[in-house]
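A short worksheet on the structure shown next.
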Amino acid sequence: MVFTSFNFLIFFPLLATLYFLFPTKHRWLILLAGSYFFYINIKPVYALLLAGVTLSTYLFTRLIDNTPNESRKKTYLVLNIVLILLPLFFFKYFGVVNEGIFGLLESLNVRWPLPSIELLLPVGISFYTFMAIGYTIDVYNEEVAAEKNLGIVALFVSFFPLILSGPIERAGNMLPQFRARKGPDYDMIVGGMKLMLWGYFMKLVVADRVGIYVDAVYHNIGEHNGTSLLFAAALYPFQVYADLGGYSLIAIGTAKILGMNVMDNFRRPFFATSMAEFWRRWHISLISWLTDYVYTPLSFAFRKYRVRGIVTALLITFLISGVWHGASLTFVIWGLMQGIFVSIEALTVKPRNNFAQRFNLKKRGWYIAVGCLVTFTLFAASQVFARADNLQDAFLVYARILSTSGPLFIGVPSILLFGLFGIGMMMLKDFTDEFMPSRFLLFENKHKPVRILSYSAVILLIFLIGVFDGGEFIYFQF
Amino acid sequence: MEVSLFIFNSDGMIKKLIYNILLVAGVLFILDFAIGRTLRHFYFREIAGFHYRTTYSMEKTMEDVLIFGASRANHHYVPEIFGDSLKMTFYNTGRDGNGIFYQAALLKSVLKRYTPKIIILDYKGEFWKGPLEYDQMSSLMPYYRTHKEIRPIIELRSPYEKLKLGSETYPFNSQILTIAMGNLDINKTRNADNKGYVPLEATHAPELKVYTSTASYEVDSNKVNAFKDFVTSAKASGAKVYVVYSPLYQKLARYQENEICSEICAREKIPFFDFSRDTFFLQRGNLFYDGVHLNHKGAILFSNIIAGKIKAGLNNSPD
């Protein structure tokens, strides 16, 4: 079951009603049952893996909590991390490692008799594995107490709004909310519905519509000229933002209706004026997870190397981010590019700040606009590696952008026009939220008729120009 | 034990929530009705373009010879040639990017009104499992309300299609721009209808592609059934029925779809003209627009061949 399916639109109101009808003490049981039902609907066998990760996390966190011996605690920590990473490595990276070994052996004229194995990645595994690891580390660091109720741990790992594509939440935020005994809150329910509505708009009107154009170009790179490839490369970041950003809003809105506050995942990323700021606005839950559990320990370990240590920690962190996205060289390069961009910024931050201060540039509109444009260009350039099927295709995109030109591929004009219209609306909302948050309010307008008309207009726009058969969310593949 | 049921302690919250949801639903209903009806009005006012051709095919055709199919049907059968050769009136109902479900639905609407003398189905036999042909049925949605006979076909899209089609605007999803363009005068002259046929002009021969895969694909029984239903209903109507696999400019290692098509046609005793491996066309790239479509020159040649075959068949027929 996915958020954009009609099944979900039936499942969720039923679940929410049942949840609120249940005595508060046992509401988590409804959520747990609902979460497993939601996940089993995708592929039942994957639920076994989810249950395995949950059980291992529960047992080892309890052991960590009950052991006074520090070295034993560490052993349990490492054991659990290794155990729950095994399925992720197996499903995500086994094929690549296997092929690599085969290739190497073949180049040495050694024939390995085993055939290669095609494995379908269990959807959401990268997300719930990170949540389980985060929880284990938090228990080890004594930031949260180990949960004694296996059901609550199972709910944390499998919580249906978050399981497929995040946001990657923390136990410290979620566990107390699962236990909280509070009634339904009108503002939370209405706020959740608004987030869901805008999430659906982003996914169905923007992401899936723009995706049709981007796919058409990227599926035939050799047939398209530099103009079309450049345009598709510029559109792809909007597609990903609308896709994962839309998904995140639906997830956050769903949780909010159930009375739970989930962390934001995006904060108007295309108005970031530097790559460092961009990464504080884009896929926030992943980056904050990596910052807490990878970057901070690494930079602490490398502290004696000062700036070089920070750069190394940044490069490793973004490399892991790339590999987390996919087991391919394209994502390794993508991750390294982010690391390099942010490192260069870190190395030049002082002179840049001095320059901006001396000429009082930081509040100037044009300076902000140039910063946004440069940041977007760098990110869009790196996204070519994220979108291309392989390294050759990515380089071919660059080569053709630099060497060929011609008229822009239009395809079906309405697809492109609707997509651009959707991007325009999405960016206009982000622009007003960023620079004039108290003006041009629609969903939050103080006049009820304006609010009602705004909701209705967005729903109608989804009916009129949304893509209802656009398929899955991009991040399901990760 | 603490019991906290929100319906007992929500202080009118639920009432307020339901009231506001109903308010949005009411406004939505009015807007949906007004916009949907406006779009419907303008959709059926179009007098050129593929919306018009579908409406004409479903509601107005009275011609003797009807061509059914997707883009290959639409671009491969030249009306004048069939008209001159068979001395019959002709209409090409083929529409780009529409599969067997569309064609089966169209036939149902046609047969409800009258029986053509000749029905030709140009089919590339895309029987594999996949969502494409279900998605393509969106072009039938404007007719769901007024054409009961096609509802079971459209409802194959999803179990909730009936519910979605309760909306007035949903049938016109993604079509607002095309409807607007279709109502502009410039479109009427630019896309003047030539009995449904739309020629493809090309001067350069495309590259001949050779596919080596012999793997079987998983067959979608709904698609096979729709094909069977098409040929049996067409035959039962009393029309002469022909199934044609028109020429390709590509070589496949396996033609699984032909196997299915030819088996069904043989069972129903319907002529199946298979040009998929026709060496005459495979040696003449200049007759093609791309790997799967003939250009206008190729279409003229091909139409002459098919019209000749049908004419010969009619002359030899005891009827």
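Convention: chains lettered A, B, ... in structure tokens order; per-chain residue numbering from 1; ligands numbered from 1 as shown.
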>> I'd like to know which residues of region 188-343 of chain A are helix (DSSP H, G or I) (by DSSP, run on the backbone); could you write them as a PyMOL selection string?
In response: chain A and resi 188-218+221-223+226-257+269-271+275-278+284-301+303-325+329-343
Mind dumping a table of every chain A residue within 7 Å of chain B, with the nearest atom pair and its distance in Å to one decimal, using only C-alpha atoms, sorted by chain and rising number, as a Markdown table?
```
| residue | atom | partner | partner_atom | distance |
| --- | --- | --- | --- | --- |
| A:Phe20 | CA | B:Phe6 | CA | 6.0 |
| A:Leu21 | CA | B:Leu5 | CA | 5.2 |
| A:Phe22 | CA | B:Leu5 | CA | 6.4 |
| A:Pro23 | CA | B:Val3 | CA | 5.0 |
| A:Thr24 | CA | B:Ser4 | CA | 5.9 |
| A:Gly183 | CA | B:Phe6 | CA | 6.0 |
| A:Pro184 | CA | B:Phe6 | CA | 6.7 |
| A:Tyr186 | CA | B:Met13 | CA | 6.4 |
| A:Ser414 | CA | B:Leu177 | CA | 6.3 |
| A:Ile452 | CA | B:Val24 | CA | 5.7 |
| A:Ser456 | CA | B:Leu28 | CA | 5.1 |
| A:Leu460 | CA | B:Asp32 | CA | 6.8 |
| A:Phe463 | CA | B:Tyr170 | CA | 5.3 |
| A:Leu464 | CA | B:Asn173 | CA | 4.4 |
| A:Ile465 | CA | B:Ser174 | CA | 4.7 |
| A:Asp469 | CA | B:Asp135 | CA | 6.6 |
```
Give me a file of those residues, with N, CA and C atoms, as a compact mmCIF listing (two decimals), in the first residue's frame.
```txt
# COMPACT_ATOMS: atom_id res chain seq x y z
N PHE A 20 -8.64 6.35 17.58
CA PHE A 20 -9.18 7.28 18.57
C PHE A 20 -10.32 6.66 19.39
N LEU A 21 -10.95 5.63 18.84
CA LEU A 21 -12.02 4.97 19.59
C LEU A 21 -11.45 4.06 20.68
N PHE A 22 -10.23 3.65 20.51
CA PHE A 22 -9.60 2.71 21.43
C PHE A 22 -9.17 3.43 22.72
N PRO A 23 -9.19 2.74 23.86
CA PRO A 23 -8.67 3.36 25.08
C PRO A 23 -7.22 3.80 24.89
N THR A 24 -6.88 4.97 25.40
CA THR A 24 -5.56 5.56 25.12
C THR A 24 -4.41 4.63 25.48
N GLY A 183 -6.03 12.94 24.01
CA GLY A 183 -7.16 12.82 23.10
C GLY A 183 -6.85 13.46 21.76
N PRO A 184 -7.76 13.35 20.83
CA PRO A 184 -7.53 13.95 19.53
C PRO A 184 -7.51 15.48 19.63
N TYR A 186 -7.95 18.98 17.58
CA TYR A 186 -8.53 19.52 16.35
C TYR A 186 -7.45 20.16 15.46
N SER A 414 1.26 19.50 -23.25
CA SER A 414 0.52 19.68 -22.00
C SER A 414 1.29 19.09 -20.82
N ILE A 452 -11.22 27.56 2.82
CA ILE A 452 -12.05 26.51 2.21
C ILE A 452 -11.84 26.49 0.69
N SER A 456 -10.22 23.46 -1.65
CA SER A 456 -11.00 22.93 -2.77
C SER A 456 -10.25 23.11 -4.09
N LEU A 460 -9.09 20.24 -6.63
CA LEU A 460 -9.53 20.27 -8.02
C LEU A 460 -8.35 20.24 -8.99
N PHE A 463 -7.30 16.80 -9.33
CA PHE A 463 -8.21 16.08 -10.24
C PHE A 463 -7.91 16.42 -11.70
N LEU A 464 -7.64 17.70 -11.92
CA LEU A 464 -7.52 18.18 -13.30
C LEU A 464 -6.18 17.88 -13.93
N ILE A 465 -5.10 18.08 -13.18
CA ILE A 465 -3.78 17.92 -13.83
C ILE A 465 -2.85 16.98 -13.08
N ASP A 469 -1.63 7.74 -12.43
CA ASP A 469 -1.02 6.43 -12.65
C ASP A 469 0.49 6.59 -12.76
```
> If we count only C-alpha atoms, what is near Tyr367 (chain A) at a cut-off of 12 Å, once residues fewer than 4 positions away on the same chain are taken out, given as a ChimeraX atom specification?
Replying inline: /A:271-274,355-357,359-363,371-374
Create the file for the chosen residues now, containing N, CA and C atoms and written as a PDB file, in the first residue's frame.
```
ATOM      1  N   PHE A 271      15.933  27.695  -1.725  1.00  0.00           N
ATOM      2  CA  PHE A 271      16.263  29.054  -1.305  1.00  0.00           C
ATOM      3  C   PHE A 271      17.498  29.068  -0.409  1.00  0.00           C
ATOM      4  N   ALA A 272      18.226  27.971  -0.420  1.00  0.00           N
ATOM      5  CA  ALA A 272      19.510  27.932   0.305  1.00  0.00           C
ATOM      6  C   ALA A 272      20.535  28.701  -0.517  1.00  0.00           C
ATOM      7  N   THR A 273      21.385  29.456   0.157  1.00  0.00           N
ATOM      8  CA  THR A 273      22.371  30.266  -0.574  1.00  0.00           C
ATOM      9  C   THR A 273      23.755  29.608  -0.572  1.00  0.00           C
ATOM     10  N   SER A 274      23.873  28.457   0.048  1.00  0.00           N
ATOM     11  CA  SER A 274      25.145  27.713  -0.009  1.00  0.00           C
ATOM     12  C   SER A 274      24.827  26.234   0.096  1.00  0.00           C
ATOM     13  N   PHE A 355      34.060  39.112   3.097  1.00  0.00           N
ATOM     14  CA  PHE A 355      33.735  39.844   1.878  1.00  0.00           C
ATOM     15  C   PHE A 355      32.274  40.327   1.921  1.00  0.00           C
ATOM     16  N   ALA A 356      31.379  39.407   2.296  1.00  0.00           N
ATOM     17  CA  ALA A 356      29.956  39.751   2.334  1.00  0.00           C
ATOM     18  C   ALA A 356      29.676  40.826   3.383  1.00  0.00           C
ATOM     19  N   GLN A 357      30.370  40.739   4.501  1.00  0.00           N
ATOM     20  CA  GLN A 357      30.147  41.729   5.561  1.00  0.00           C
ATOM     21  C   GLN A 357      30.671  43.104   5.177  1.00  0.00           C
ATOM     22  N   PHE A 359      30.946  44.488   2.311  1.00  0.00           N
ATOM     23  CA  PHE A 359      30.086  45.196   1.348  1.00  0.00           C
ATOM     24  C   PHE A 359      28.593  45.079   1.702  1.00  0.00           C
ATOM     25  N   ASN A 360      28.333  44.589   2.893  1.00  0.00           N
ATOM     26  CA  ASN A 360      26.954  44.466   3.402  1.00  0.00           C
ATOM     27  C   ASN A 360      26.046  43.742   2.387  1.00  0.00           C
ATOM     28  N   LEU A 361      26.492  42.564   1.957  1.00  0.00           N
ATOM     29  CA  LEU A 361      25.792  41.862   0.876  1.00  0.00           C
ATOM     30  C   LEU A 361      24.705  40.910   1.360  1.00  0.00           C
ATOM     31  N   LYS A 362      24.805  40.499   2.601  1.00  0.00           N
ATOM     32  CA  LYS A 362      23.959  39.380   3.045  1.00  0.00           C
ATOM     33  C   LYS A 362      22.461  39.638   2.949  1.00  0.00           C
ATOM     34  N   LYS A 363      22.068  40.898   3.002  1.00  0.00           N
ATOM     35  CA  LYS A 363      20.627  41.207   2.926  1.00  0.00           C
ATOM     36  C   LYS A 363      20.223  41.665   1.534  1.00  0.00           C
ATOM     37  N   GLY A 371      23.339  33.446  -4.850  1.00  0.00           N
ATOM     38  CA  GLY A 371      23.669  32.316  -3.969  1.00  0.00           C
ATOM     39  C   GLY A 371      22.735  31.139  -4.215  1.00  0.00           C
ATOM     40  N   CYS A 372      21.424  31.426  -4.333  1.00  0.00           N
ATOM     41  CA  CYS A 372      20.434  30.354  -4.585  1.00  0.00           C
ATOM     42  C   CYS A 372      20.718  29.683  -5.927  1.00  0.00           C
ATOM     43  N   LEU A 373      21.007  30.521  -6.937  1.00  0.00           N
ATOM     44  CA  LEU A 373      21.228  30.004  -8.285  1.00  0.00           C
ATOM     45  C   LEU A 373      22.476  29.111  -8.345  1.00  0.00           C
ATOM     46  N   VAL A 374      23.555  29.580  -7.731  1.00  0.00           N
ATOM     47  CA  VAL A 374      24.802  28.792  -7.739  1.00  0.00           C
ATOM     48  C   VAL A 374      24.573  27.479  -6.999  1.00  0.00           C
TER      49      VAL A 374
END
```
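Using only C-alpha atoms, the nearest neighbour of Thr54 (chain A) within the list A:Val2, A:Ile101, A:Leu9, A:Val157 is A:Val157.
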>> as a list in words, please: the residues near region 229-236 of chain A (cut-off 7 Å, only C-alpha atoms, same-chain neighbours under 4 positions excluded).
In response: Val214, Val217, His224, Asn225, Val240, Ala380, Val384, Val397 and Ile401 of chain A
Using C-alpha atoms, can you export the residues from the last selection as a compact mmCIF listing (two decimals), in the first residue's frame?
```txt
# COMPACT_ATOMS: atom_id res chain seq x y z
CA VAL A 214 12.59 13.77 -17.38
CA VAL A 217 14.79 12.47 -22.02
CA HIS A 224 18.46 14.19 -27.26
CA ASN A 225 20.46 17.36 -27.77
CA VAL A 240 12.94 14.74 -6.49
CA ALA A 380 21.43 19.93 -10.24
CA VAL A 384 22.83 13.96 -13.12
CA VAL A 397 24.66 13.70 -20.46
CA ILE A 401 25.15 19.26 -22.86
```
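The closest residue to Phe418 (chain A), picked from A:Ala369, A:Asn149, A:Asp208, A:Phe3 and counting only C-alpha atoms, is A:Asp208.
Using only C-alpha atoms, the protein and nucleic acid residues lying no more than 12 Å from region 251-254 of chain B, apart from those fewer than 3 places from it along its own chain, are B:Glu207, B:Leu208, B:Lys209, B:Val210, B:Tyr211, B:Thr212, B:Ser213, B:Thr214, B:Ala215, B:Ser216, B:Tyr217, B:Pro247, B:Leu248, B:Glu257, B:Asn258, B:Glu259, B:Phe275, B:Ser276, B:Arg277, B:Asp278, B:Thr279, B:Phe281, B:Leu282, B:Gln283, B:Gly291, B:Val292.
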>> Env of Val190 (chain A): 9 Å cut, atoms = only C-alpha atoms, seq-sep filter 4 positions within chain, self excluded. Answer as number ranges by chain.
In response: A: 185-186, 194-195, 256-257; B: 17
Writer output for current selection, C-alpha atoms, as a short mmCIF file (atom, residue, chain, number, x, y, z; two decimals), in the first residue's frame:
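out_9.cif written:
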```
data_model
loop_
_atom_site.label_atom_id
_atom_site.label_comp_id
_atom_site.auth_asym_id
_atom_site.auth_seq_id
_atom_site.Cartn_x
_atom_site.Cartn_y
_atom_site.Cartn_z
CA ASP A 185 -6.51 17.53 18.89
CA TYR A 186 -8.53 19.52 16.35
CA LYS A 194 -3.34 20.41 5.18
CA LEU A 195 0.13 18.87 5.06
CA LYS A 256 0.03 14.55 12.95
CA ILE A 257 -3.59 13.47 12.52
CA LEU B 17 -14.40 18.67 12.16
#
```
> Running DSSP on the backbone, which parts of region 92-138 of chain B land in strand (DSSP E or B), as a VMD selection string?
Replying inline: chain B and resid 92 118 to 122 128
Please dump the current selection as an mmCIF file, in the first residue's frame; keep N, CA and C atoms.
```cif
data_model
loop_
_atom_site.group_PDB
_atom_site.id
_atom_site.type_symbol
_atom_site.label_atom_id
_atom_site.label_comp_id
_atom_site.auth_asym_id
_atom_site.auth_seq_id
_atom_site.Cartn_x
_atom_site.Cartn_y
_atom_site.Cartn_z
ATOM 1 N N ASN B 92 -11.363 5.773 -40.325
ATOM 2 C CA ASN B 92 -10.242 5.213 -39.564
ATOM 3 C C ASN B 92 -10.375 5.668 -38.109
ATOM 4 N N ILE B 118 -17.438 -3.977 -43.100
ATOM 5 C CA ILE B 118 -16.090 -4.535 -42.910
ATOM 6 C C ILE B 118 -15.456 -3.918 -41.666
ATOM 7 N N ILE B 119 -14.890 -4.770 -40.836
ATOM 8 C CA ILE B 119 -14.169 -4.290 -39.653
ATOM 9 C C ILE B 119 -12.732 -4.791 -39.749
ATOM 10 N N ILE B 120 -11.797 -3.861 -39.704
ATOM 11 C CA ILE B 120 -10.379 -4.246 -39.763
ATOM 12 C C ILE B 120 -9.730 -3.832 -38.447
ATOM 13 N N LEU B 121 -9.134 -4.799 -37.767
ATOM 14 C CA LEU B 121 -8.409 -4.488 -36.534
ATOM 15 C C LEU B 121 -6.921 -4.600 -36.820
ATOM 16 N N ASP B 122 -6.239 -3.470 -36.717
ATOM 17 C CA ASP B 122 -4.779 -3.506 -36.849
ATOM 18 C C ASP B 122 -4.231 -3.689 -35.439
ATOM 19 N N TRP B 128 1.319 -8.290 -23.094
ATOM 20 C CA TRP B 128 2.079 -8.463 -21.859
ATOM 21 C C TRP B 128 1.457 -7.731 -20.682
#
```
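Excluding Phe431 (chain A) itself and same-chain residues fewer than 3 positions from it, the residues having an atom within 12 Å of it are Arg267, Arg268, Pro269, Phe270, Phe271, Ala272, Ala369, Cys372, Ile423, Gly424, Met425, Met426, Met427, Leu428, Glu434, Phe435, Met436, Pro437, Ser438, Arg439, Phe440 and Leu441 of chain A, counting only C-alpha atoms.
What separates CA of Leu298 (chain A) from CA of Gly326 (chain A) is a distance of 22.2 Å.
Our summary of the geometry notes that CA of Ser233 (chain B) is positioned 25.5 Å from CA of Tyr255 (chain B).
Separating CA of Leu204 (chain A) from CA of Val467 (chain A) is a distance of 5.2 Å.
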